[in-house]
Amino acid sequence: MQDQPPTPDPALTPTPPREAPEDTAPPEATAPHEAPTPAPTLFTWDFATNPYPAYAWLREHAPVHRTRLPSGVEAWLVTRYADARQALADPRLSKNPAHHDEPAHAKGKTGIPGERKADLMTHLLNIDPPDHTRLRRLVSKAFTPRRVAEFAPRVQELADDLIDRFAAHGSADLIHEFAFPLPIYAICDLLGVPREDQDDFRDWAGMMIRHGKGPRGGVARSVKKMRAYLADLIHRKRLALPAEPTPGEDLISGLIRASDHGEHLTENEAAAMAFILLFAGFETTVNLIGNGTYALLTHPGQRDRLQRSLAAGERGLLETGVEELLRYDGPVELATWRFATRPLALGGQDIAAGDPVLVVLAAADRDPERFADPDTLDLARRDNQHLGYGHGIHYCLGAPLARLEGQTALATLLTRLPDLQLDAEPAELRWRGGLIMRGLRTLPVRFTPPLNPTPGPTPNLTPGSTPGSAPDPSRTPAPPPSPSP
């Protein structure tokens, strides 16, 4: 394969300027003819609160920028949309950490803490074709759109149940009481983790998103415990697996059953796959719900517009709105690690074999060369081929589930708690430190406690369903255990 850039992609065509909707934010990028300001300082707490001005500077002055990360690893940051899209699909950029030409001090610092020692490296985020092709095809057979659609009533039940727990109080921390437990219990149910074990998963997952706020080594220990549990669960499910699939079969059983030309997943591959589906399937959704709710609460015109649409029984603005929230302040700030397998040029920079490359999705999705009024939140935005779930062969497998959870969570909050308000100044909120994900530590809100404690009518969000139709109670599992983050 020659080292040639890919052919032009119609998705890279800039959109024409248009009239900005309400809640327009001031532009953050440096004007093209002004003298460059000093390079921004990256990865500080102030940067974590609002990285977008720094990313605007990088897009204009250093679109492919080499920097030293807080871990000590040196990597290239890719910030323009066209370069980002190219990098995400470039086969010369491998996902396999074996291609990292790492010095001794950087060894093992480019992935999930503890995954090497726990023997969890053989998952979709760390492998290339042909192994990636084989494993993704196997997983896709178990993780189908139909399975996600059938899961919609359970996601709705979880959202209502969690709101029931704090609705009478008139206030809540939406991260700990809603955005965090909802995807944890949802992915545990989808994977087939028994109800009595789900609190353990909640505790392990909570440790994994603290990003340095927990005890030293806590993330690695949680990963090790999760690995041991998944290996045992897969072994037990394999022994008890019926000859034919049953209605509503869980995802781990589906992974065990899935085959490709007679070749089954090994138990180690299944454990790594279940682990990454759990890990990638909960924190992204925590941040989607948290960041999305925060954006709506700080853009009241857009929030009111969405509430009016939901009250009218419409879902179109909800669907485009969640895509816009993914673009505007998405849950994944940087795409996961890539490593150059040979020398290549990207955005005018020469990248050496073995160099790590990090695509900054948050910067690419606010590129004015691709998006009109990129710093404006517009829930009705149509031309919105954002990179929030990646691009190419590593496009997020769980995107349909995350979209379902995000749509259900936001619609249920705005419908059941219509006067929801932020209960803190935006400057008081703190964002979790970390390299890949972007999310709030807490999201305090206040609201008028509803007179009727039982859920009111919430829009049915299953694609193709009749608005307001009720889920089939025979397919709805019992409520989850009480969450205590």
# chains A, B, ... in the order shown; residues from 1 in each chain; ligands from 1

call {"tool": "residues_around", "arguments": {"residues": "Asp173 of chain A", "least_positions_apart": "6", "cutoff": "10 Å", "atoms": "only C-alpha atoms", "output": "list in words"}}
result
Phe166, Ala179, Leu422, Asp423, Arg441, Thr442, Leu443, Pro444, Val445 and Arg446 of chain A

call {"tool": "write_last_selection", "arguments": {"atoms": "N, CA and C atoms", "output": "PDB file, in the first residue's frame"}}
result
ATOM      1  N   PHE A 166     -35.129  10.245  43.720  1.00  0.00           N
ATOM      2  CA  PHE A 166     -34.785  11.575  44.229  1.00  0.00           C
ATOM      3  C   PHE A 166     -35.827  12.638  43.900  1.00  0.00           C
ATOM      4  N   ALA A 179     -26.923   9.947  36.017  1.00  0.00           N
ATOM      5  CA  ALA A 179     -26.097   9.695  34.834  1.00  0.00           C
ATOM      6  C   ALA A 179     -25.137   8.532  35.035  1.00  0.00           C
ATOM      7  N   LEU A 422     -29.866  24.401  37.138  1.00  0.00           N
ATOM      8  CA  LEU A 422     -28.551  24.204  37.716  1.00  0.00           C
ATOM      9  C   LEU A 422     -28.526  24.794  39.122  1.00  0.00           C
ATOM     10  N   ASP A 423     -28.002  24.054  40.080  1.00  0.00           N
ATOM     11  CA  ASP A 423     -27.978  24.493  41.481  1.00  0.00           C
ATOM     12  C   ASP A 423     -26.559  24.880  41.903  1.00  0.00           C
ATOM     13  N   ARG A 441     -17.594  16.019  37.391  1.00  0.00           N
ATOM     14  CA  ARG A 441     -17.563  15.219  38.610  1.00  0.00           C
ATOM     15  C   ARG A 441     -18.936  15.208  39.278  1.00  0.00           C
ATOM     16  N   THR A 442     -19.578  16.362  39.320  1.00  0.00           N
ATOM     17  CA  THR A 442     -20.902  16.483  39.921  1.00  0.00           C
ATOM     18  C   THR A 442     -21.745  17.401  39.056  1.00  0.00           C
ATOM     19  N   LEU A 443     -23.058  17.298  39.176  1.00  0.00           N
ATOM     20  CA  LEU A 443     -23.974  18.194  38.483  1.00  0.00           C
ATOM     21  C   LEU A 443     -25.167  18.454  39.412  1.00  0.00           C
ATOM     22  N   PRO A 444     -25.017  19.393  40.357  1.00  0.00           N
ATOM     23  CA  PRO A 444     -26.116  19.678  41.292  1.00  0.00           C
ATOM     24  C   PRO A 444     -27.253  20.413  40.593  1.00  0.00           C
ATOM     25  N   VAL A 445     -28.474  19.946  40.814  1.00  0.00           N
ATOM     26  CA  VAL A 445     -29.654  20.560  40.207  1.00  0.00           C
ATOM     27  C   VAL A 445     -30.743  20.718  41.258  1.00  0.00           C
ATOM     28  N   ARG A 446     -31.681  21.603  40.967  1.00  0.00           N
ATOM     29  CA  ARG A 446     -32.877  21.758  41.802  1.00  0.00           C
ATOM     30  C   ARG A 446     -34.101  21.776  40.890  1.00  0.00           C
TER      31      ARG A 446
END

call {"tool": "residues_around", "arguments": {"residues": "Val322 of chain A", "least_positions_apart": "5", "cutoff": "9 Å", "atoms": "only C-alpha atoms", "output": "list in words"}}
result
Leu288, Gly292, Leu317, Arg327, Leu379, Arg403, Gly406, Gln407 and Leu410 of chain A

call {"tool": "write_last_selection", "arguments": {"atoms": "N, CA, C and O atoms", "output": "short mmCIF file (atom, residue, chain, number, x, y, z; two decimals), in the first residue's frame"}}
result
data_model
loop_
_atom_site.label_atom_id
_atom_site.label_comp_id
_atom_site.auth_asym_id
_atom_site.auth_seq_id
_atom_site.Cartn_x
_atom_site.Cartn_y
_atom_site.Cartn_z
N LEU A 288 -22.11 11.65 28.31
CA LEU A 288 -23.12 12.14 27.36
C LEU A 288 -24.31 12.73 28.11
O LEU A 288 -24.79 13.83 27.80
N GLY A 292 -24.51 16.67 28.34
CA GLY A 292 -25.69 17.10 27.59
C GLY A 292 -26.67 17.87 28.45
O GLY A 292 -27.21 18.90 28.03
N LEU A 317 -36.35 16.54 16.96
CA LEU A 317 -35.39 17.45 17.58
C LEU A 317 -34.58 16.74 18.65
O LEU A 317 -33.41 17.08 18.88
N ARG A 327 -21.48 16.55 19.42
CA ARG A 327 -20.51 17.40 18.73
C ARG A 327 -20.05 18.55 19.61
O ARG A 327 -18.84 18.85 19.68
N LEU A 379 -29.57 22.61 18.40
CA LEU A 379 -30.12 21.26 18.47
C LEU A 379 -30.73 20.81 17.15
O LEU A 379 -30.90 19.60 16.94
N ARG A 403 -26.75 6.19 22.13
CA ARG A 403 -27.75 7.14 21.64
C ARG A 403 -29.11 6.88 22.30
O ARG A 403 -29.81 7.82 22.71
N GLY A 406 -28.88 8.09 25.88
CA GLY A 406 -28.85 9.55 25.95
C GLY A 406 -30.20 10.16 25.64
O GLY A 406 -30.67 11.06 26.35
N GLN A 407 -30.86 9.69 24.60
CA GLN A 407 -32.19 10.21 24.25
C GLN A 407 -33.19 9.94 25.35
O GLN A 407 -33.97 10.81 25.74
N LEU A 410 -32.35 12.17 28.64
CA LEU A 410 -32.66 13.59 28.52
C LEU A 410 -34.15 13.84 28.39
O LEU A 410 -34.71 14.75 29.02
#

call {"tool": "residues_around", "arguments": {"residues": "Thr41 of chain A", "least_positions_apart": "4", "cutoff": "12 Å", "atoms": "only C-alpha atoms", "output": "list in words"}}
result
Thr37, Trp45, Asp46, Phe47, Ala48, Pro51, Pro53, Ala54, Tyr55, Trp57, Leu58, Thr67, Arg68, Leu69 and Pro70 of chain A

call {"tool": "write_last_selection", "arguments": {"atoms": "N, CA, C and O atoms", "output": "PDB file, in the first residue's frame"}}
result
ATOM      1  N   THR A  37      -1.134  34.570  19.552  1.00  0.00           N
ATOM      2  CA  THR A  37      -0.951  34.674  20.994  1.00  0.00           C
ATOM      3  C   THR A  37      -0.021  33.554  21.438  1.00  0.00           C
ATOM      4  O   THR A  37       0.216  32.603  20.691  1.00  0.00           O
ATOM      5  N   TRP A  45      -5.956  22.179  35.265  1.00  0.00           N
ATOM      6  CA  TRP A  45      -7.358  22.144  35.703  1.00  0.00           C
ATOM      7  C   TRP A  45      -8.172  23.211  34.986  1.00  0.00           C
ATOM      8  O   TRP A  45      -9.345  23.000  34.655  1.00  0.00           O
ATOM      9  N   ASP A  46      -7.568  24.388  34.742  1.00  0.00           N
ATOM     10  CA  ASP A  46      -8.285  25.419  33.992  1.00  0.00           C
ATOM     11  C   ASP A  46      -8.564  24.948  32.572  1.00  0.00           C
ATOM     12  O   ASP A  46      -9.649  25.192  32.021  1.00  0.00           O
ATOM     13  N   PHE A  47      -7.591  24.267  31.973  1.00  0.00           N
ATOM     14  CA  PHE A  47      -7.793  23.718  30.633  1.00  0.00           C
ATOM     15  C   PHE A  47      -8.932  22.703  30.635  1.00  0.00           C
ATOM     16  O   PHE A  47      -9.770  22.704  29.726  1.00  0.00           O
ATOM     17  N   ALA A  48      -9.000  21.844  31.654  1.00  0.00           N
ATOM     18  CA  ALA A  48     -10.053  20.828  31.710  1.00  0.00           C
ATOM     19  C   ALA A  48     -11.432  21.461  31.788  1.00  0.00           C
ATOM     20  O   ALA A  48     -12.399  20.916  31.239  1.00  0.00           O
ATOM     21  N   PRO A  51     -11.508  23.478  27.472  1.00  0.00           N
ATOM     22  CA  PRO A  51     -10.350  23.288  26.584  1.00  0.00           C
ATOM     23  C   PRO A  51     -10.513  23.908  25.206  1.00  0.00           C
ATOM     24  O   PRO A  51      -9.559  23.931  24.426  1.00  0.00           O
ATOM     25  N   PRO A  53     -10.919  27.036  23.804  1.00  0.00           N
ATOM     26  CA  PRO A  53     -10.032  28.093  23.290  1.00  0.00           C
ATOM     27  C   PRO A  53      -8.632  27.587  22.951  1.00  0.00           C
ATOM     28  O   PRO A  53      -8.049  27.999  21.943  1.00  0.00           O
ATOM     29  N   ALA A  54      -8.089  26.695  23.786  1.00  0.00           N
ATOM     30  CA  ALA A  54      -6.761  26.136  23.503  1.00  0.00           C
ATOM     31  C   ALA A  54      -6.791  25.307  22.224  1.00  0.00           C
ATOM     32  O   ALA A  54      -5.860  25.368  21.394  1.00  0.00           O
ATOM     33  N   TYR A  55      -7.850  24.535  22.051  1.00  0.00           N
ATOM     34  CA  TYR A  55      -7.943  23.728  20.838  1.00  0.00           C
ATOM     35  C   TYR A  55      -8.106  24.612  19.599  1.00  0.00           C
ATOM     36  O   TYR A  55      -7.612  24.276  18.509  1.00  0.00           O
ATOM     37  N   TRP A  57      -6.735  27.524  19.212  1.00  0.00           N
ATOM     38  CA  TRP A  57      -5.388  28.009  18.926  1.00  0.00           C
ATOM     39  C   TRP A  57      -4.581  26.936  18.193  1.00  0.00           C
ATOM     40  O   TRP A  57      -3.901  27.226  17.200  1.00  0.00           O
ATOM     41  N   LEU A  58      -4.652  25.693  18.676  1.00  0.00           N
ATOM     42  CA  LEU A  58      -3.916  24.616  18.023  1.00  0.00           C
ATOM     43  C   LEU A  58      -4.394  24.401  16.595  1.00  0.00           C
ATOM     44  O   LEU A  58      -3.594  24.201  15.680  1.00  0.00           O
ATOM     45  N   THR A  67       3.413  17.074  21.865  1.00  0.00           N
ATOM     46  CA  THR A  67       3.413  17.576  23.234  1.00  0.00           C
ATOM     47  C   THR A  67       3.741  16.445  24.192  1.00  0.00           C
ATOM     48  O   THR A  67       3.599  15.262  23.862  1.00  0.00           O
ATOM     49  N   ARG A  68       4.179  16.842  25.380  1.00  0.00           N
ATOM     50  CA  ARG A  68       4.415  15.866  26.445  1.00  0.00           C
ATOM     51  C   ARG A  68       3.168  15.816  27.319  1.00  0.00           C
ATOM     52  O   ARG A  68       2.732  16.827  27.864  1.00  0.00           O
ATOM     53  N   LEU A  69       2.599  14.639  27.460  1.00  0.00           N
ATOM     54  CA  LEU A  69       1.389  14.453  28.240  1.00  0.00           C
ATOM     55  C   LEU A  69       1.725  14.392  29.730  1.00  0.00           C
ATOM     56  O   LEU A  69       2.883  14.203  30.110  1.00  0.00           O
ATOM     57  N   PRO A  70       0.724  14.555  30.599  1.00  0.00           N
ATOM     58  CA  PRO A  70       0.996  14.473  32.041  1.00  0.00           C
ATOM     59  C   PRO A  70       1.662  13.174  32.471  1.00  0.00           C
ATOM     60  O   PRO A  70       2.399  13.144  33.462  1.00  0.00           O
TER      61      PRO A  70
END

call {"tool": "atom_distance", "arguments": {"atom1": "atom CA of Gly254 of chain A", "atom2": "atom CA of Val139 of chain A"}}
result
8.2 Å

call {"tool": "atom_distance", "arguments": {"atom1": "atom CA of Val360 of chain A", "atom2": "atom CA of Glu425 of chain A"}}
result
27.6 Å

call {"tool": "residues_around", "arguments": {"residues": "segment 190-207 of chain A", "least_positions_apart": "4", "cutoff": "6 Å", "atoms": "only C-alpha atoms", "output": "list in words"}}
result
Val219, Ser222, Asp250, Leu251 and Ile252 of chain A

call {"tool": "write_last_selection", "arguments": {"atoms": "all heavy atoms", "output": "PDB file, in the first residue's frame"}}
result
ATOM      1  N   VAL A 219      -7.520   1.875  40.374  1.00  0.00           N
ATOM      2  CA  VAL A 219      -8.056   1.524  39.058  1.00  0.00           C
ATOM      3  C   VAL A 219      -7.546   0.154  38.629  1.00  0.00           C
ATOM      4  O   VAL A 219      -8.326  -0.700  38.189  1.00  0.00           O
ATOM      5  CB  VAL A 219      -7.680   2.596  38.021  1.00  0.00           C
ATOM      6  CG1 VAL A 219      -8.132   2.161  36.628  1.00  0.00           C
ATOM      7  CG2 VAL A 219      -8.308   3.931  38.377  1.00  0.00           C
ATOM      8  N   SER A 222      -9.262  -2.549  40.520  1.00  0.00           N
ATOM      9  CA  SER A 222     -10.639  -2.744  40.056  1.00  0.00           C
ATOM     10  C   SER A 222     -10.667  -3.507  38.739  1.00  0.00           C
ATOM     11  O   SER A 222     -11.524  -4.373  38.531  1.00  0.00           O
ATOM     12  CB  SER A 222     -11.333  -1.387  39.902  1.00  0.00           C
ATOM     13  OG  SER A 222     -11.511  -0.769  41.154  1.00  0.00           O
ATOM     14  N   ASP A 250     -28.688 -12.843  26.842  1.00  0.00           N
ATOM     15  CA  ASP A 250     -27.778 -11.764  27.201  1.00  0.00           C
ATOM     16  C   ASP A 250     -26.565 -11.742  26.268  1.00  0.00           C
ATOM     17  O   ASP A 250     -26.284 -12.691  25.531  1.00  0.00           O
ATOM     18  CB  ASP A 250     -27.336 -11.890  28.662  1.00  0.00           C
ATOM     19  CG  ASP A 250     -26.553 -13.163  28.936  1.00  0.00           C
ATOM     20  OD1 ASP A 250     -25.381 -13.237  28.533  1.00  0.00           O
ATOM     21  OD2 ASP A 250     -27.114 -14.097  29.549  1.00  0.00           O
ATOM     22  N   LEU A 251     -25.828 -10.613  26.330  1.00  0.00           N
ATOM     23  CA  LEU A 251     -24.747 -10.386  25.385  1.00  0.00           C
ATOM     24  C   LEU A 251     -23.572 -11.316  25.602  1.00  0.00           C
ATOM     25  O   LEU A 251     -22.945 -11.775  24.645  1.00  0.00           O
ATOM     26  CB  LEU A 251     -24.286  -8.925  25.475  1.00  0.00           C
ATOM     27  CG  LEU A 251     -23.222  -8.466  24.495  1.00  0.00           C
ATOM     28  CD1 LEU A 251     -23.628  -8.764  23.063  1.00  0.00           C
ATOM     29  CD2 LEU A 251     -22.951  -6.979  24.670  1.00  0.00           C
ATOM     30  N   ILE A 252     -23.225 -11.635  26.849  1.00  0.00           N
ATOM     31  CA  ILE A 252     -22.110 -12.557  27.081  1.00  0.00           C
ATOM     32  C   ILE A 252     -22.442 -13.931  26.517  1.00  0.00           C
ATOM     33  O   ILE A 252     -21.599 -14.574  25.878  1.00  0.00           O
ATOM     34  CB  ILE A 252     -21.763 -12.634  28.581  1.00  0.00           C
ATOM     35  CG1 ILE A 252     -21.074 -11.340  29.017  1.00  0.00           C
ATOM     36  CG2 ILE A 252     -20.851 -13.820  28.868  1.00  0.00           C
ATOM     37  CD1 ILE A 252     -20.683 -11.301  30.478  1.00  0.00           C
TER      38      ILE A 252
END

call {"tool": "residues_around", "arguments": {"residues": "Leu255 of chain A", "least_positions_apart": "4", "cutoff": "12 Å", "atoms": "only C-alpha atoms", "output": "PyMOL selection string"}}
result
chain A and resi 135-144+190-192+234+237-238+241+245+249-251+259-260+263-274+277

call {"tool": "closest_residue", "arguments": {"among": "A:Ser253, A:Asn96, A:Thr79, A:Gln86", "to": "Trp337 of chain A", "atoms": "only C-alpha atoms"}}
result
A:Asn96

call {"tool": "select_by_dssp", "arguments": {"residues": "segment 191-311 of chain A", "states": "alpha helix (DSSP H)", "output": "MDAnalysis selection string"}}
result
chainID A and resid 191 198:208 218:240 251:257 267:297 300:311

call {"tool": "atom_distance", "arguments": {"atom1": "atom CA of Leu420 of chain A", "atom2": "atom CA of Pro449 of chain A"}}
result
10.0 Å

call {"tool": "residues_around", "arguments": {"residues": "Ile163 of chain A", "least_positions_apart": "4", "cutoff": "9 Å", "atoms": "only C-alpha atoms", "output": "PDB file with N, CA, C and O atoms, in the first residue's frame"}}
result
ATOM      1  N   LEU A 158     -35.279   1.992  33.824  1.00  0.00           N
ATOM      2  CA  LEU A 158     -34.174   2.426  34.665  1.00  0.00           C
ATOM      3  C   LEU A 158     -34.217   3.934  34.879  1.00  0.00           C
ATOM      4  O   LEU A 158     -34.032   4.417  36.012  1.00  0.00           O
ATOM      5  N   ALA A 159     -34.453   4.709  33.815  1.00  0.00           N
ATOM      6  CA  ALA A 159     -34.498   6.158  33.949  1.00  0.00           C
ATOM      7  C   ALA A 159     -35.599   6.586  34.909  1.00  0.00           C
ATOM      8  O   ALA A 159     -35.391   7.434  35.787  1.00  0.00           O
ATOM      9  N   ALA A 167     -36.879  12.297  43.167  1.00  0.00           N
ATOM     10  CA  ALA A 167     -37.832  13.308  42.698  1.00  0.00           C
ATOM     11  C   ALA A 167     -38.477  14.082  43.839  1.00  0.00           C
ATOM     12  O   ALA A 167     -38.724  15.291  43.726  1.00  0.00           O
ATOM     13  N   GLU A 177     -26.548  10.351  41.020  1.00  0.00           N
ATOM     14  CA  GLU A 177     -27.867   9.763  41.243  1.00  0.00           C
ATOM     15  C   GLU A 177     -28.583   9.356  39.966  1.00  0.00           C
ATOM     16  O   GLU A 177     -29.615   8.681  40.027  1.00  0.00           O
ATOM     17  N   PHE A 178     -28.048   9.747  38.797  1.00  0.00           N
ATOM     18  CA  PHE A 178     -28.760   9.439  37.557  1.00  0.00           C
ATOM     19  C   PHE A 178     -27.812   9.047  36.422  1.00  0.00           C
ATOM     20  O   PHE A 178     -27.867   7.915  35.921  1.00  0.00           O
ATOM     21  N   THR A 412     -36.592  11.974  29.504  1.00  0.00           N
ATOM     22  CA  THR A 412     -37.264  11.672  30.763  1.00  0.00           C
ATOM     23  C   THR A 412     -37.021  12.767  31.793  1.00  0.00           C
ATOM     24  O   THR A 412     -37.940  13.178  32.518  1.00  0.00           O
ATOM     25  N   LEU A 413     -35.786  13.258  31.877  1.00  0.00           N
ATOM     26  CA  LEU A 413     -35.504  14.361  32.799  1.00  0.00           C
ATOM     27  C   LEU A 413     -36.341  15.590  32.469  1.00  0.00           C
ATOM     28  O   LEU A 413     -36.968  16.188  33.354  1.00  0.00           O
ATOM     29  N   ARG A 416     -40.261  14.821  33.097  1.00  0.00           N
ATOM     30  CA  ARG A 416     -40.711  14.601  34.473  1.00  0.00           C
ATOM     31  C   ARG A 416     -40.301  15.729  35.417  1.00  0.00           C
ATOM     32  O   ARG A 416     -40.952  15.932  36.445  1.00  0.00           O
ATOM     33  N   PRO A 455     -44.317   7.959  37.650  1.00  0.00           N
ATOM     34  CA  PRO A 455     -43.924   8.562  36.375  1.00  0.00           C
ATOM     35  C   PRO A 455     -45.117   8.989  35.543  1.00  0.00           C
ATOM     36  O   PRO A 455     -46.121   8.273  35.453  1.00  0.00           O
TER      37      PRO A 455
END

call {"tool": "closest_residue", "arguments": {"among": "A:Glu74, A:Asp419, A:Asp189, A:Glu405", "to": "Thr285 of chain A", "atoms": "only C-alpha atoms"}}
result
A:Glu405

call {"tool": "select_by_dssp", "arguments": {"residues": "segment 128-308 of chain A", "states": "strand (DSSP E)", "output": "short mmCIF file (atom, residue, chain, number, x, y, z; two decimals) with N, CA, C and O atoms, in the first residue's frame"}}
result
data_model
loop_
_atom_site.label_atom_id
_atom_site.label_comp_id
_atom_site.auth_asym_id
_atom_site.auth_seq_id
_atom_site.Cartn_x
_atom_site.Cartn_y
_atom_site.Cartn_z
N SER A 171 -34.01 18.28 44.82
CA SER A 171 -32.63 18.54 44.41
C SER A 171 -31.94 17.19 44.23
O SER A 171 -32.39 16.17 44.75
N ALA A 172 -30.83 17.21 43.51
CA ALA A 172 -30.08 15.97 43.28
C ALA A 172 -28.73 16.32 42.68
O ALA A 172 -28.51 17.42 42.17
N ASP A 173 -27.82 15.37 42.77
CA ASP A 173 -26.58 15.41 41.98
C ASP A 173 -26.82 14.46 40.82
O ASP A 173 -26.79 13.23 41.00
N SER A 259 -20.00 -17.25 16.29
CA SER A 259 -18.89 -17.96 15.66
C SER A 259 -18.67 -17.42 14.26
O SER A 259 -19.55 -16.81 13.66
N ASP A 260 -17.50 -17.63 13.78
CA ASP A 260 -17.13 -17.18 12.45
C ASP A 260 -16.45 -18.34 11.75
O ASP A 260 -15.32 -18.68 12.06
N GLU A 263 -15.20 -20.85 14.13
CA GLU A 263 -14.20 -20.45 15.13
C GLU A 263 -14.86 -19.60 16.21
O GLU A 263 -15.41 -18.54 15.94
N HIS A 264 -14.83 -20.07 17.45
CA HIS A 264 -15.46 -19.36 18.55
C HIS A 264 -14.46 -18.43 19.24
O HIS A 264 -13.25 -18.61 19.15
#

call {"tool": "decode", "arguments": {"residues": "segment 63-84 of chain A", "atoms": "N, CA and C atoms", "output": "compact mmCIF listing (two decimals), in the first residue's frame"}}
result
# COMPACT_ATOMS: atom_id res chain seq x y z
N PRO A 63 -1.85 22.57 13.98
CA PRO A 63 -2.94 21.58 13.90
C PRO A 63 -2.51 20.15 14.18
N VAL A 64 -1.25 19.80 13.93
CA VAL A 64 -0.69 18.50 14.35
C VAL A 64 0.49 18.85 15.25
N HIS A 65 0.29 18.70 16.54
CA HIS A 65 1.17 19.30 17.54
C HIS A 65 1.76 18.23 18.45
N ARG A 66 3.07 18.21 18.57
CA ARG A 66 3.73 17.25 19.46
C ARG A 66 3.82 17.85 20.86
N THR A 67 3.41 17.07 21.86
CA THR A 67 3.41 17.58 23.23
C THR A 67 3.74 16.45 24.19
N ARG A 68 4.18 16.84 25.38
CA ARG A 68 4.41 15.87 26.44
C ARG A 68 3.17 15.82 27.32
N LEU A 69 2.60 14.64 27.46
CA LEU A 69 1.39 14.45 28.24
C LEU A 69 1.72 14.39 29.73
N PRO A 70 0.72 14.56 30.60
CA PRO A 70 1.00 14.47 32.04
C PRO A 70 1.66 13.17 32.47
N SER A 71 1.44 12.09 31.73
CA SER A 71 2.05 10.80 32.06
C SER A 71 3.53 10.76 31.70
N GLY A 72 4.01 11.74 30.95
CA GLY A 72 5.39 11.74 30.47
C GLY A 72 5.53 11.24 29.05
N VAL A 73 4.49 10.64 28.49
CA VAL A 73 4.53 10.16 27.12
C VAL A 73 4.44 11.35 26.16
N GLU A 74 5.26 11.33 25.10
CA GLU A 74 5.17 12.35 24.07
C GLU A 74 4.29 11.82 22.93
N ALA A 75 3.37 12.66 22.47
CA ALA A 75 2.43 12.23 21.44
C ALA A 75 2.06 13.40 20.55
N TRP A 76 1.53 13.08 19.37
CA TRP A 76 1.03 14.08 18.44
C TRP A 76 -0.46 14.27 18.67
N LEU A 77 -0.90 15.53 18.77
CA LEU A 77 -2.32 15.88 18.89
C LEU A 77 -2.81 16.37 17.53
N VAL A 78 -3.87 15.77 17.02
CA VAL A 78 -4.44 16.13 15.72
C VAL A 78 -5.75 16.86 15.99
N THR A 79 -5.87 18.12 15.53
CA THR A 79 -6.99 18.95 15.95
C THR A 79 -7.93 19.42 14.84
N ARG A 80 -7.53 19.33 13.56
CA ARG A 80 -8.42 19.76 12.49
C ARG A 80 -9.28 18.59 12.02
N TYR A 81 -10.49 18.90 11.58
CA TYR A 81 -11.46 17.86 11.20
C TYR A 81 -10.93 16.99 10.07
N ALA A 82 -10.43 17.61 9.01
CA ALA A 82 -9.98 16.82 7.86
C ALA A 82 -8.84 15.90 8.24
N ASP A 83 -7.87 16.42 9.01
CA ASP A 83 -6.75 15.59 9.45
C ASP A 83 -7.23 14.50 10.41
N ALA A 84 -8.16 14.85 11.27
CA ALA A 84 -8.67 13.88 12.25
C ALA A 84 -9.37 12.72 11.54
